[in-house]
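Data file: start_9.txt. Format and content: compact mmCIF, C-alpha atoms.
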# COMPACT_ATOMS: atom_id res chain seq x y z
CA MET A 277 75.97 14.04 141.25
CA GLN A 278 72.43 14.70 142.49
CA ILE A 279 71.17 14.60 138.91
CA VAL A 280 72.81 11.22 138.36
CA LEU A 281 71.43 9.87 141.65
CA ASN A 282 67.90 11.02 140.81
CA ALA A 283 68.16 9.39 137.38
CA LEU A 284 69.29 6.14 139.05
CA ARG A 285 66.36 6.37 141.48
CA GLY A 286 64.03 6.82 138.53
CA ALA A 287 65.59 3.81 136.79
CA LEU A 288 64.94 1.64 139.87
CA ILE A 289 61.32 2.78 139.99
CA GLY A 290 60.86 2.19 136.26
CA SER A 291 62.39 -1.28 136.54
CA ALA A 292 60.04 -2.09 139.41
CA GLU A 293 56.99 -1.04 137.42
CA LEU A 294 57.86 -3.59 134.73
CA VAL A 295 57.73 -6.50 137.16
CA PRO A 296 54.42 -7.72 138.64
CA GLY A 297 54.65 -7.77 142.43
CA ILE A 298 57.20 -4.99 142.90
CA SER A 299 55.56 -1.65 143.54
CA GLY A 300 57.10 1.48 142.05
CA GLY A 301 55.68 3.38 145.03
CA THR A 302 57.48 1.06 147.44
CA VAL A 303 60.77 1.52 145.61
CA ALA A 304 60.22 5.30 145.69
CA LEU A 305 59.87 5.02 149.46
CA ILE A 306 63.02 2.91 149.73
CA VAL A 307 65.15 5.33 147.68
CA GLY A 308 63.78 8.29 149.65
CA ILE A 309 61.87 10.34 147.05
CA TYR A 310 58.25 9.20 147.57
CA GLU A 311 56.95 12.22 149.51
CA ARG A 312 58.92 14.65 147.36
CA ALA A 313 57.57 13.11 144.16
CA LEU A 314 53.99 13.09 145.49
CA HIS A 315 54.26 16.73 146.54
CA ASN A 316 55.50 17.70 143.07
CA ALA A 317 52.69 15.70 141.42
CA ASN A 318 50.10 17.48 143.56
CA SER A 319 51.58 20.87 142.67
CA LEU A 320 51.70 19.97 138.97
CA PHE A 321 48.06 18.87 138.77
CA LYS A 322 46.94 21.89 140.80
CA LEU A 323 48.73 24.03 138.18
CA LYS A 324 50.99 25.55 140.83
CA PHE A 325 53.92 25.48 138.47
CA LYS A 326 56.17 27.68 140.63
CA GLU A 327 56.16 24.98 143.32
CA VAL A 328 57.18 22.21 140.91
CA GLU A 329 60.82 21.06 140.98
CA TRP A 330 61.13 20.63 137.23
CA GLY A 331 64.75 19.48 137.29
CA PHE A 332 63.99 16.79 139.87
CA LEU A 333 60.96 15.48 137.95
CA ALA A 334 62.82 15.55 134.62
CA THR A 335 65.82 13.54 135.85
CA VAL A 336 63.65 10.96 137.60
CA ALA A 337 61.47 10.65 134.48
CA VAL A 338 64.51 10.16 132.24
CA GLY A 339 65.73 7.34 134.47
CA MET A 340 62.30 5.69 134.50
CA PHE A 341 61.86 5.80 130.73
CA ALA A 342 65.40 4.53 130.11
CA ALA A 343 64.76 1.52 132.36
CA VAL A 344 61.34 0.79 130.85
CA PHE A 345 62.55 0.83 127.24
CA GLY A 346 65.83 -0.89 128.08
CA LEU A 347 64.33 -3.86 129.93
CA SER A 348 61.00 -4.30 128.15
CA THR A 349 62.42 -6.57 125.42
CA VAL A 350 64.07 -8.89 127.94
CA LEU A 351 60.90 -9.25 130.00
CA SER A 352 58.68 -9.59 126.93
CA ASN A 353 60.78 -12.49 125.62
CA PHE A 354 60.86 -14.11 129.06
CA VAL A 355 57.07 -13.97 129.47
CA GLU A 356 56.40 -15.17 125.92
CA ASN A 357 58.93 -18.03 125.80
CA HIS A 358 58.82 -19.26 129.42
CA VAL A 359 55.18 -19.23 130.44
CA SER A 360 55.39 -21.43 133.54
CA LEU A 361 58.66 -19.99 134.83
CA SER A 362 57.54 -16.37 134.40
CA SER A 363 54.19 -17.14 136.04
CA ALA A 364 55.94 -18.84 138.98
CA LEU A 365 58.36 -15.92 139.39
CA PHE A 366 55.57 -13.35 139.35
CA MET A 367 53.39 -15.51 141.62
CA GLY A 368 56.15 -15.57 144.21
CA MET A 369 56.54 -11.81 143.97
CA VAL A 370 52.83 -11.16 144.37
CA THR A 371 52.40 -13.67 147.21
CA ILE A 372 55.02 -12.05 149.42
CA SER A 373 53.78 -8.58 148.44
CA ILE A 374 50.41 -9.23 150.12
CA ILE A 375 51.99 -8.55 153.49
CA VAL A 376 52.82 -4.94 152.48
CA PRO A 377 49.29 -3.48 152.72
CA VAL A 378 48.56 -5.80 155.68
CA MET A 379 51.57 -4.41 157.58
CA MET A 380 50.35 -0.89 156.85
CA ILE A 381 47.26 -1.66 158.96
CA SER A 382 47.87 -1.37 162.69
CA ALA A 383 47.99 -4.71 164.53
CA LYS A 384 44.95 -3.91 166.66
CA ASP A 385 42.83 -3.09 163.59
CA ARG A 386 43.64 -6.10 161.39
CA ALA A 387 41.03 -8.33 163.05
CA LYS A 388 38.20 -5.79 162.87
CA PRO A 389 35.14 -7.18 161.00
CA ALA A 390 35.05 -4.32 158.48
CA ASN A 391 38.65 -4.91 157.42
CA ILE A 392 38.26 -8.69 157.22
CA LEU A 393 35.06 -8.29 155.18
CA SER A 394 36.76 -5.81 152.83
CA PHE A 395 39.66 -8.24 152.36
CA LEU A 396 37.39 -11.22 151.63
CA ILE A 397 35.07 -9.35 149.24
CA ALA A 398 38.01 -7.97 147.27
CA ALA A 399 39.74 -11.36 147.12
CA VAL A 400 36.62 -13.22 145.95
CA ALA A 401 35.69 -10.53 143.43
CA ILE A 402 39.13 -10.49 141.81
CA PHE A 403 39.33 -14.29 141.91
CA ILE A 404 36.09 -14.44 139.90
CA VAL A 405 37.14 -11.68 137.51
CA THR A 406 40.52 -13.28 136.75
CA GLY A 407 38.72 -16.54 136.02
CA LEU A 408 36.82 -14.82 133.25
CA GLN A 409 40.09 -14.04 131.49
CA SER A 410 41.81 -17.20 130.30
CA GLY A 411 44.92 -15.54 128.91
CA PRO A 412 46.42 -12.34 127.52
CA VAL A 413 44.14 -10.09 125.51
CA GLN A 414 45.17 -10.23 121.87
CA ASP A 415 45.48 -6.84 120.14
CA PRO A 416 43.57 -4.78 122.75
CA SER A 417 41.76 -1.72 121.41
CA LEU A 418 43.20 1.72 122.12
CA PRO A 419 40.34 2.72 124.50
CA ILE A 420 41.08 -0.41 126.56
CA VAL A 421 44.79 0.47 126.62
CA PHE A 422 43.90 4.01 127.74
CA GLY A 423 41.62 2.79 130.53
CA ALA A 424 44.08 0.15 131.73
CA ALA A 425 46.86 2.75 131.95
CA ALA A 426 44.61 5.08 133.95
CA ILE A 427 44.01 2.31 136.50
CA ALA A 428 47.51 0.83 136.59
CA VAL A 429 49.21 4.19 137.18
CA CYS A 430 47.64 4.28 140.66
CA ALA A 431 50.46 1.92 141.67
CA LEU A 432 52.88 4.83 141.32
CA ILE A 433 50.91 6.69 143.96
CA LEU A 434 50.32 3.90 146.43
CA PRO A 435 53.18 1.79 147.84
CA GLY A 436 52.48 -1.94 147.93
CA ILE A 437 50.53 -2.20 144.69
CA SER A 438 52.23 -3.10 141.41
CA GLY A 439 51.10 -1.49 138.16
CA SER A 440 52.29 -4.49 136.17
CA LEU A 441 50.29 -6.75 138.48
CA ILE A 442 47.16 -4.78 137.64
CA LEU A 443 47.87 -5.14 133.92
CA LEU A 444 48.59 -8.84 134.41
CA THR A 445 45.24 -9.32 136.14
CA MET A 446 43.45 -7.64 133.24
CA GLY A 447 45.30 -9.81 130.70
CA LEU A 448 47.10 -6.78 129.28
CA TYR A 449 50.62 -7.19 130.66
CA GLU A 450 51.98 -9.19 127.74
CA PRO A 451 50.50 -7.05 124.92
CA ILE A 452 51.51 -3.77 126.61
CA ILE A 453 55.09 -4.79 127.37
CA GLY A 454 55.27 -6.28 123.88
CA ALA A 455 54.20 -2.94 122.40
CA VAL A 456 56.91 -1.16 124.39
CA SER A 457 59.48 -3.73 123.28
CA ASP A 458 58.43 -3.30 119.63
CA ARG A 459 58.41 0.51 119.99
CA ASP A 460 54.74 0.69 118.91
CA LEU A 461 54.41 4.46 119.27
CA THR A 462 50.61 4.50 118.89
CA VAL A 463 50.07 2.16 121.84
CA ILE A 464 52.83 3.86 123.87
CA VAL A 465 51.35 7.35 123.37
CA VAL A 466 47.80 6.18 124.21
CA PHE A 467 49.08 4.35 127.29
CA ALA A 468 51.02 7.44 128.42
CA ALA A 469 47.95 9.64 127.91
CA GLY A 470 45.82 7.24 129.95
CA ALA A 471 48.43 7.17 132.70
CA LEU A 472 48.53 10.97 132.91
CA CYS A 473 44.74 11.21 133.04
CA GLY A 474 44.57 8.46 135.65
CA LEU A 475 47.24 10.12 137.75
CA ALA A 476 45.41 13.45 137.65
CA ALA A 477 42.05 11.85 138.46
CA PHE A 478 43.04 9.36 141.14
CA VAL A 479 45.73 11.14 143.14
CA LYS A 480 43.06 13.00 145.14
CA VAL A 481 40.70 10.02 145.28
CA LEU A 482 43.37 7.68 146.65
CA ASN A 483 44.56 10.24 149.15
CA TRP A 484 40.93 10.74 150.28
CA LEU A 485 40.38 6.99 150.65
CA LEU A 486 43.55 6.60 152.68
CA ASP A 487 42.71 9.62 154.82
CA THR A 488 39.08 8.65 155.53
CA HIS A 489 38.96 4.85 155.10
CA ARG A 490 42.61 3.86 155.38
CA ASN A 491 42.34 0.39 156.93
CA VAL A 492 39.41 -0.76 154.81
CA THR A 493 41.18 0.45 151.66
CA LEU A 494 44.43 -1.31 152.55
CA ALA A 495 42.55 -4.51 153.41
CA ALA A 496 40.82 -4.40 150.02
CA MET A 497 44.19 -4.00 148.32
CA ALA A 498 45.54 -7.07 150.10
CA GLY A 499 42.46 -9.02 149.01
CA PHE A 500 42.91 -7.81 145.46
CA MET A 501 46.45 -9.17 145.40
CA LEU A 502 45.40 -12.51 146.89
CA GLY A 503 42.57 -13.01 144.41
CA SER A 504 44.80 -12.13 141.47
CA LEU A 505 47.08 -15.12 142.16
CA ARG A 506 44.61 -17.21 140.15
CA SER A 507 45.86 -15.60 136.95
CA LEU A 508 49.45 -16.60 137.77
CA TRP A 509 49.00 -20.33 138.42
CA PRO A 510 52.03 -21.91 136.68
CA LEU A 511 50.81 -25.52 136.48
CA GLY A 512 48.33 -27.13 134.12
CA GLU A 513 47.98 -27.80 130.41
CA SER A 514 50.26 -24.93 129.38
CA GLN A 515 53.04 -26.01 131.75
CA ASP A 516 56.39 -25.88 129.95
CA ALA A 517 58.87 -26.47 132.79
CA SER A 518 59.57 -29.05 135.50
CA ILE A 519 58.05 -28.82 138.96
CA GLY A 520 61.48 -28.24 140.47
CA ALA A 521 62.22 -25.30 138.17
CA ILE A 522 58.79 -23.80 138.84
CA VAL A 523 59.22 -24.06 142.61
CA GLY A 524 62.69 -22.55 142.30
CA MET A 525 61.39 -19.55 140.35
CA PHE A 526 58.60 -19.07 142.91
CA VAL A 527 61.18 -18.98 145.72
CA ILE A 528 63.33 -16.51 143.75
CA GLY A 529 60.31 -14.26 143.29
CA VAL A 530 59.58 -14.34 147.03
CA ALA A 531 63.23 -13.56 147.80
CA ILE A 532 63.48 -10.61 145.39
CA VAL A 533 60.44 -8.79 146.76
CA GLY A 534 61.29 -9.90 150.30
CA VAL A 535 64.53 -7.91 150.09
CA PHE A 536 62.62 -4.77 149.07
CA ILE A 537 60.12 -5.26 151.89
CA TYR A 538 62.88 -5.83 154.44
CA VAL A 539 64.81 -2.73 153.37
CA ASP A 540 61.62 -0.67 153.47
CA TYR A 541 60.80 -2.03 156.95
CA ARG A 542 64.27 -1.24 158.31
CA LYS A 543 64.18 2.22 156.77
CA ALA A 544 60.80 2.99 158.35
CA HIS A 545 61.82 1.72 161.80
CA SER A 546 65.16 3.51 161.77
CA TYR A 547 63.33 6.72 160.87
CA GLU A 548 60.73 6.56 163.68
CA PRO A 549 63.17 6.56 166.64
CA ALA A 550 65.04 9.47 165.09
CA GLN A 551 61.80 11.42 164.90
CA GLU A 552 60.90 10.58 168.50
CA GLU A 553 64.35 11.69 169.70
CA LYS A 554 64.01 14.93 167.79
CA VAL A 555 60.60 15.66 169.33
CA THR A 556 61.88 14.83 172.84
CA THR A 557 64.87 17.12 172.39
Written as structure tokens, how would this file's structure read?
Amino acid sequence: MQIVLNALRGALIGSAELVPGISGGTVALIVGIYERALHNANSLFKLKFKEVEWGFLATVAVGMFAAVFGLSTVLSNFVENHVSLSSALFMGMVTISIIVPVMMISAKDRAKPANILSFLIAAVAIFIVTGLQSGPVQDPSLPIVFGAAAIAVCALILPGISGSLILLTMGLYEPIIGAVSDRDLTVIVVFAAGALCGLAAFVKVLNWLLDTHRNVTLAAMAGFMLGSLRSLWPLGESQDASIGAIVGMFVIGVAIVGVFIYVDYRKAHSYEPAQEEKVTT
């Protein structure tokens, strides 16, 4: 039963990673395996193989891959054939997701100049960068796929940031998910290799940033998400749906991610009193 449950948890994480705005790390927190998975990843990359729970990692990985390959065709067709509706859905997801890193900053620190400046610089920088990319990159080179995977995989480590959102910002979401849908093994293998290298390289860097510059880092992430909304604007010359349908999809996107955020919030706040009671006892 535990094997089946871990596979289902992996499937939920894999499904989340396909959708811009839903963080695989956040889902891992919600289903209760985030710290366990991070501990195993640290042990694996430190070559402490005796500390690695191979069965746990294998079952979660199987669930993730099954979800990715099973849903990639559906999402690829949706993005390709419904440009405005998919953009509106993802825009709603990303918009509500901005509150995740903001909520991770303590209330008394949110108004500090350093955090506000970090937020604004990140938002403006990404807004400018996304403006340089008018649409999906056509037939990206393998080195670009490798580098994009190395960056996007950070979302698995850090709750609140979506790997698909990062790909979307770089104009690589559509070609990558299309390659997975078409079972393009060359692109899939290169992407997987980049993800492994990125995971090995950034797990310590991200942990260091959060340990030493936590609030500034989280503020920058929130700014990154805000600035990236430019790439998801559903109206304009390429609009292929009515305003009502677009607004409806935006609201659906907000609602979907809002449920994840709410469950995560309730889980965190139900955990804290239990810990305090345990310490008091």
Sphere at (45.8, -11.5, 150.1), radius 6 Å, counting all atoms listed in the file: residues as a list in words: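 Taken together, the residues in range are Ile374, Ala498, Gly499, Met501 and Leu502 of chain A.
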Given only C-alpha atoms as the counted atoms, nearest of A:Val492, A:Val359, A:Ile420, A:Val307 to Ser394 of chain A: A:Val492
Between atom CA of Ile528 of chain A and atom CA of Gly368 of chain A, distance in Å (one decimal):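 Computing it gives 7.3 Å between the two atoms.
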Selected residue of minimal separation from Ser507 of chain A among A:Leu444, A:Ala390, A:Ala337, A:Val421, counting all atoms listed in the file: A:Leu444
Closest of A:Leu294, A:Val481, A:Val400, A:Leu314 to Ile453 of chain A - atom-to-atom distances counting only C-alpha atoms: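 Checking each of A:Leu294, A:Val481, A:Val400, A:Leu314 against Ile453 of chain A, counting only C-alpha atoms, the winner is A:Leu294.
Comparing A:Trp484, A:Phe395, A:Phe467, A:Phe403 by their smallest distance to Phe422 of chain A, the closest is A:Phe467 (using only C-alpha atoms).
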Nearest-residue call for Leu320 of chain A, choices A:Ala517, A:Ala495, A:Val479, A:Ala398, using all atoms listed in the file: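 Ranked by minimum distance to Leu320 of chain A, first place goes to A:Val479.
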Who sits within 12 Å of Gly512 of chain A, all atoms listed in the file, same chain under 3 positions skipped, as number ranges by chain: A: 359-360, 363, 508-509, 515-519, 522
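Atom CA of Leu494 of chain A sits 5.3 Å away from atom CA of Pro377 of chain A.
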Spatial neighbours of Met497 of chain A, max dist 12 Å, all atoms listed in the file, sep filter under 2 positions, as a PyMOL selection string: chain A and resi 370+373-381+391-392+394-399+401-402+430-431+434-438+441-442+482+485-486+490-495+499-504
For Tyr449 of chain A, the nearest of the candidates A:Glu293, A:Glu513, A:Thr462, A:Val328, counting only C-alpha atoms: A:Glu293
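Using only C-alpha atoms, the residues found no farther than 10 Å from Phe526 of chain A, other than those of its own chain fewer than 5 positions away, are Leu361, Ser362, Ser363, Ala364, Leu365, Phe366, Met367, Gly368, Met369, Val370, Thr371, Pro510, Gly520, Ala521 and Ala531 of chain A.
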Distance in Å - atom CA of Gly423 of chain A versus atom CA of Ala342 of chain A: 23.8 Å
Test item: which residues lie within 8 Å of (58.1, -4.4, 133.5) counting all atoms listed in the file, as a PyMOL selection string: chain A and resi 290-296+344+347-348+351+440+453
Those same residues, written as a PDB file, in the frame of the given file with C-alpha atoms?
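New file again.pdb:
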ATOM      1  CA  GLY A 290      60.860   2.190 136.260  1.00  0.00           C
ATOM      2  CA  SER A 291      62.390  -1.280 136.540  1.00  0.00           C
ATOM      3  CA  ALA A 292      60.040  -2.090 139.410  1.00  0.00           C
ATOM      4  CA  GLU A 293      56.990  -1.040 137.420  1.00  0.00           C
ATOM      5  CA  LEU A 294      57.860  -3.590 134.730  1.00  0.00           C
ATOM      6  CA  VAL A 295      57.730  -6.500 137.160  1.00  0.00           C
ATOM      7  CA  PRO A 296      54.420  -7.720 138.640  1.00  0.00           C
ATOM      8  CA  VAL A 344      61.340   0.790 130.850  1.00  0.00           C
ATOM      9  CA  LEU A 347      64.330  -3.860 129.930  1.00  0.00           C
ATOM     10  CA  SER A 348      61.000  -4.300 128.150  1.00  0.00           C
ATOM     11  CA  LEU A 351      60.900  -9.250 130.000  1.00  0.00           C
ATOM     12  CA  SER A 440      52.290  -4.490 136.170  1.00  0.00           C
ATOM     13  CA  ILE A 453      55.090  -4.790 127.370  1.00  0.00           C
TER      14      ILE A 453
END
Please, what is the axis-aligned box for every listed atom of segment 516-525 of chain A with 8 Å on each side, as centre and edge lengths in Å to one decimal, as lines of an AutoDock Vina configuration file?
center_x = 59.5
center_y = -24.3
center_z = 136.3
size_x = 22.3
size_y = 25.5
size_z = 28.7
Selection: 10 Å around Gly286 of chain A, only C-alpha atoms, excl. self and same-chain fewer than 6 positions, as JSON, numbers by chain: {"A": [280, 292, 300, 303, 304, 307, 309, 333, 334, 335, 336, 337, 338, 339, 340, 341, 342, 343]}
Quick one: residues within 10 Å of Ala476 of chain A, all atoms listed in the file, excluding same-chain residues fewer than 6 positions away - as a PDB file with C-alpha atoms, keeping the file's coordinate frame?
ATOM      1  CA  ALA A 317      52.690  15.700 141.420  1.00  0.00           C
ATOM      2  CA  ASN A 318      50.100  17.480 143.560  1.00  0.00           C
ATOM      3  CA  LEU A 320      51.700  19.970 138.970  1.00  0.00           C
ATOM      4  CA  PHE A 321      48.060  18.870 138.770  1.00  0.00           C
ATOM      5  CA  LYS A 322      46.940  21.890 140.800  1.00  0.00           C
ATOM      6  CA  ALA A 426      44.610   5.080 133.950  1.00  0.00           C
ATOM      7  CA  CYS A 430      47.640   4.280 140.660  1.00  0.00           C
ATOM      8  CA  GLY A 470      45.820   7.240 129.950  1.00  0.00           C
TER       9      GLY A 470
END
Atoms kept (C-alpha atoms) for segment 308-423 of chain A, as a PDB file, in the first residue's frame:
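Written out: decode03.pdb:
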ATOM      1  CA  GLY A 308       4.015  15.059   3.032  1.00  0.00           C
ATOM      2  CA  ILE A 309       7.211  13.875   1.309  1.00  0.00           C
ATOM      3  CA  TYR A 310       9.119  17.136   0.702  1.00  0.00           C
ATOM      4  CA  GLU A 311      11.673  16.877   3.528  1.00  0.00           C
ATOM      5  CA  ARG A 312      12.115  13.142   2.993  1.00  0.00           C
ATOM      6  CA  ALA A 313      12.722  13.626  -0.737  1.00  0.00           C
ATOM      7  CA  LEU A 314      15.158  16.505  -0.130  1.00  0.00           C
ATOM      8  CA  HIS A 315      17.081  14.455   2.419  1.00  0.00           C
ATOM      9  CA  ASN A 316      17.384  11.566  -0.035  1.00  0.00           C
ATOM     10  CA  ALA A 317      18.512  13.936  -2.813  1.00  0.00           C
ATOM     11  CA  ASN A 318      21.219  15.372  -0.556  1.00  0.00           C
ATOM     12  CA  SER A 319      22.420  11.879   0.359  1.00  0.00           C
ATOM     13  CA  LEU A 320      22.412  10.804  -3.289  1.00  0.00           C
ATOM     14  CA  PHE A 321      24.478  13.748  -4.525  1.00  0.00           C
ATOM     15  CA  LYS A 322      26.884  13.404  -1.590  1.00  0.00           C
ATOM     16  CA  LEU A 323      27.363   9.776  -2.702  1.00  0.00           C
ATOM     17  CA  LYS A 324      26.165   8.492   0.666  1.00  0.00           C
ATOM     18  CA  PHE A 325      24.334   5.645  -0.996  1.00  0.00           C
ATOM     19  CA  LYS A 326      23.663   3.727   2.228  1.00  0.00           C
ATOM     20  CA  GLU A 327      21.476   6.597   3.449  1.00  0.00           C
ATOM     21  CA  VAL A 328      19.375   6.687   0.266  1.00  0.00           C
ATOM     22  CA  GLU A 329      15.896   5.116   0.411  1.00  0.00           C
ATOM     23  CA  TRP A 330      16.050   3.592  -3.061  1.00  0.00           C
ATOM     24  CA  GLY A 331      12.587   2.033  -2.928  1.00  0.00           C
ATOM     25  CA  PHE A 332      10.995   5.334  -1.925  1.00  0.00           C
ATOM     26  CA  LEU A 333      12.782   7.291  -4.680  1.00  0.00           C
ATOM     27  CA  ALA A 334      12.010   4.641  -7.308  1.00  0.00           C
ATOM     28  CA  THR A 335       8.265   4.520  -6.615  1.00  0.00           C
ATOM     29  CA  VAL A 336       7.943   8.310  -6.527  1.00  0.00           C
ATOM     30  CA  ALA A 337       9.933   8.572  -9.773  1.00  0.00           C
ATOM     31  CA  VAL A 338       7.735   5.978 -11.493  1.00  0.00           C
ATOM     32  CA  GLY A 339       4.639   7.948 -10.544  1.00  0.00           C
ATOM     33  CA  MET A 340       6.156  11.209 -11.774  1.00  0.00           C
ATOM     34  CA  PHE A 341       7.226   9.814 -15.140  1.00  0.00           C
ATOM     35  CA  ALA A 342       3.867   8.095 -15.673  1.00  0.00           C
ATOM     36  CA  ALA A 343       2.036  11.385 -15.092  1.00  0.00           C
ATOM     37  CA  VAL A 344       4.410  13.402 -17.289  1.00  0.00           C
ATOM     38  CA  PHE A 345       4.157  11.062 -20.276  1.00  0.00           C
ATOM     39  CA  GLY A 346       0.454  10.418 -19.759  1.00  0.00           C
ATOM     40  CA  LEU A 347      -0.635  14.059 -19.646  1.00  0.00           C
ATOM     41  CA  SER A 348       1.903  15.719 -21.941  1.00  0.00           C
ATOM     42  CA  THR A 349      -0.131  15.091 -25.125  1.00  0.00           C
ATOM     43  CA  VAL A 350      -3.287  16.590 -23.634  1.00  0.00           C
ATOM     44  CA  LEU A 351      -1.496  19.729 -22.461  1.00  0.00           C
ATOM     45  CA  SER A 352       0.493  20.058 -25.687  1.00  0.00           C
ATOM     46  CA  ASN A 353      -2.695  20.009 -27.772  1.00  0.00           C
ATOM     47  CA  PHE A 354      -4.393  22.454 -25.413  1.00  0.00           C
ATOM     48  CA  VAL A 355      -1.531  24.968 -25.588  1.00  0.00           C
ATOM     49  CA  GLU A 356      -1.163  24.657 -29.361  1.00  0.00           C
ATOM     50  CA  ASN A 357      -4.859  24.807 -30.306  1.00  0.00           C
ATOM     51  CA  HIS A 358      -6.207  27.204 -27.652  1.00  0.00           C
ATOM     52  CA  VAL A 359      -3.626  29.952 -27.304  1.00  0.00           C
ATOM     53  CA  SER A 360      -5.739  32.548 -25.474  1.00  0.00           C
ATOM     54  CA  LEU A 361      -7.506  30.080 -23.189  1.00  0.00           C
ATOM     55  CA  SER A 362      -4.285  28.302 -22.179  1.00  0.00           C
ATOM     56  CA  SER A 363      -2.545  31.638 -21.586  1.00  0.00           C
ATOM     57  CA  ALA A 364      -5.463  32.852 -19.439  1.00  0.00           C
ATOM     58  CA  LEU A 365      -5.501  29.619 -17.425  1.00  0.00           C
ATOM     59  CA  PHE A 366      -1.760  29.752 -16.796  1.00  0.00           C
ATOM     60  CA  MET A 367      -1.897  33.487 -16.059  1.00  0.00           C
ATOM     61  CA  GLY A 368      -4.471  32.865 -13.347  1.00  0.00           C
ATOM     62  CA  MET A 369      -2.328  30.116 -11.869  1.00  0.00           C
ATOM     63  CA  VAL A 370       0.804  32.245 -11.821  1.00  0.00           C
ATOM     64  CA  THR A 371      -0.978  35.336 -10.460  1.00  0.00           C
ATOM     65  CA  ILE A 372      -2.301  33.569  -7.376  1.00  0.00           C
ATOM     66  CA  SER A 373       1.013  31.728  -6.937  1.00  0.00           C
ATOM     67  CA  ILE A 374       2.827  35.017  -6.267  1.00  0.00           C
ATOM     68  CA  ILE A 375       1.474  35.007  -2.730  1.00  0.00           C
ATOM     69  CA  VAL A 376       3.325  31.741  -1.930  1.00  0.00           C
ATOM     70  CA  PRO A 377       6.865  33.174  -1.647  1.00  0.00           C
ATOM     71  CA  VAL A 378       5.415  36.384  -0.140  1.00  0.00           C
ATOM     72  CA  MET A 379       3.703  34.378   2.628  1.00  0.00           C
ATOM     73  CA  MET A 380       6.989  32.603   3.308  1.00  0.00           C
ATOM     74  CA  ILE A 381       8.444  35.978   4.364  1.00  0.00           C
ATOM     75  CA  SER A 382       7.510  36.989   7.896  1.00  0.00           C
ATOM     76  CA  ALA A 383       4.967  39.826   8.092  1.00  0.00           C
ATOM     77  CA  LYS A 384       7.389  42.170   9.854  1.00  0.00           C
ATOM     78  CA  ASP A 385      10.040  41.699   7.146  1.00  0.00           C
ATOM     79  CA  ARG A 386       7.910  42.162   4.025  1.00  0.00           C
ATOM     80  CA  ALA A 387       8.160  45.968   4.108  1.00  0.00           C
ATOM     81  CA  LYS A 388      11.933  46.084   4.605  1.00  0.00           C
ATOM     82  CA  PRO A 389      13.676  48.141   1.861  1.00  0.00           C
ATOM     83  CA  ALA A 390      16.009  45.299   0.852  1.00  0.00           C
ATOM     84  CA  ASN A 391      13.118  42.911   0.225  1.00  0.00           C
ATOM     85  CA  ILE A 392      11.044  45.483  -1.654  1.00  0.00           C
ATOM     86  CA  LEU A 393      14.055  46.412  -3.796  1.00  0.00           C
ATOM     87  CA  SER A 394      14.776  42.739  -4.537  1.00  0.00           C
ATOM     88  CA  PHE A 395      11.133  42.230  -5.549  1.00  0.00           C
ATOM     89  CA  LEU A 396      11.078  45.278  -7.851  1.00  0.00           C
ATOM     90  CA  ILE A 397      14.431  44.554  -9.523  1.00  0.00           C
ATOM     91  CA  ALA A 398      13.449  40.943 -10.206  1.00  0.00           C
ATOM     92  CA  ALA A 399      10.020  41.935 -11.540  1.00  0.00           C
ATOM     93  CA  VAL A 400      11.385  44.625 -13.872  1.00  0.00           C
ATOM     94  CA  ALA A 401      14.247  42.431 -15.092  1.00  0.00           C
ATOM     95  CA  ILE A 402      11.975  39.510 -15.966  1.00  0.00           C
ATOM     96  CA  PHE A 403       9.388  41.847 -17.497  1.00  0.00           C
ATOM     97  CA  ILE A 404      12.073  43.168 -19.855  1.00  0.00           C
ATOM     98  CA  VAL A 405      13.467  39.707 -20.616  1.00  0.00           C
ATOM     99  CA  THR A 406      10.047  38.248 -21.445  1.00  0.00           C
ATOM    100  CA  GLY A 407       9.450  41.169 -23.792  1.00  0.00           C
ATOM    101  CA  LEU A 408      12.472  40.106 -25.803  1.00  0.00           C
ATOM    102  CA  GLN A 409      10.815  36.763 -26.505  1.00  0.00           C
ATOM    103  CA  SER A 410       7.727  37.166 -28.664  1.00  0.00           C
ATOM    104  CA  GLY A 411       6.699  33.521 -28.685  1.00  0.00           C
ATOM    105  CA  PRO A 412       7.843  29.928 -28.293  1.00  0.00           C
ATOM    106  CA  VAL A 413      11.346  29.092 -29.459  1.00  0.00           C
ATOM    107  CA  GLN A 414      11.125  26.972 -32.583  1.00  0.00           C
ATOM    108  CA  ASP A 415      13.357  23.869 -32.604  1.00  0.00           C
ATOM    109  CA  PRO A 416      15.637  24.893 -29.699  1.00  0.00           C
ATOM    110  CA  SER A 417      19.183  23.527 -29.842  1.00  0.00           C
ATOM    111  CA  LEU A 418      20.169  20.717 -27.495  1.00  0.00           C
ATOM    112  CA  PRO A 419      22.525  22.924 -25.407  1.00  0.00           C
ATOM    113  CA  ILE A 420      19.618  25.324 -24.811  1.00  0.00           C
ATOM    114  CA  VAL A 421      17.380  22.412 -23.791  1.00  0.00           C
ATOM    115  CA  PHE A 422      20.101  21.202 -21.411  1.00  0.00           C
ATOM    116  CA  GLY A 423      20.543  24.630 -19.821  1.00  0.00           C
TER     117      GLY A 423
END
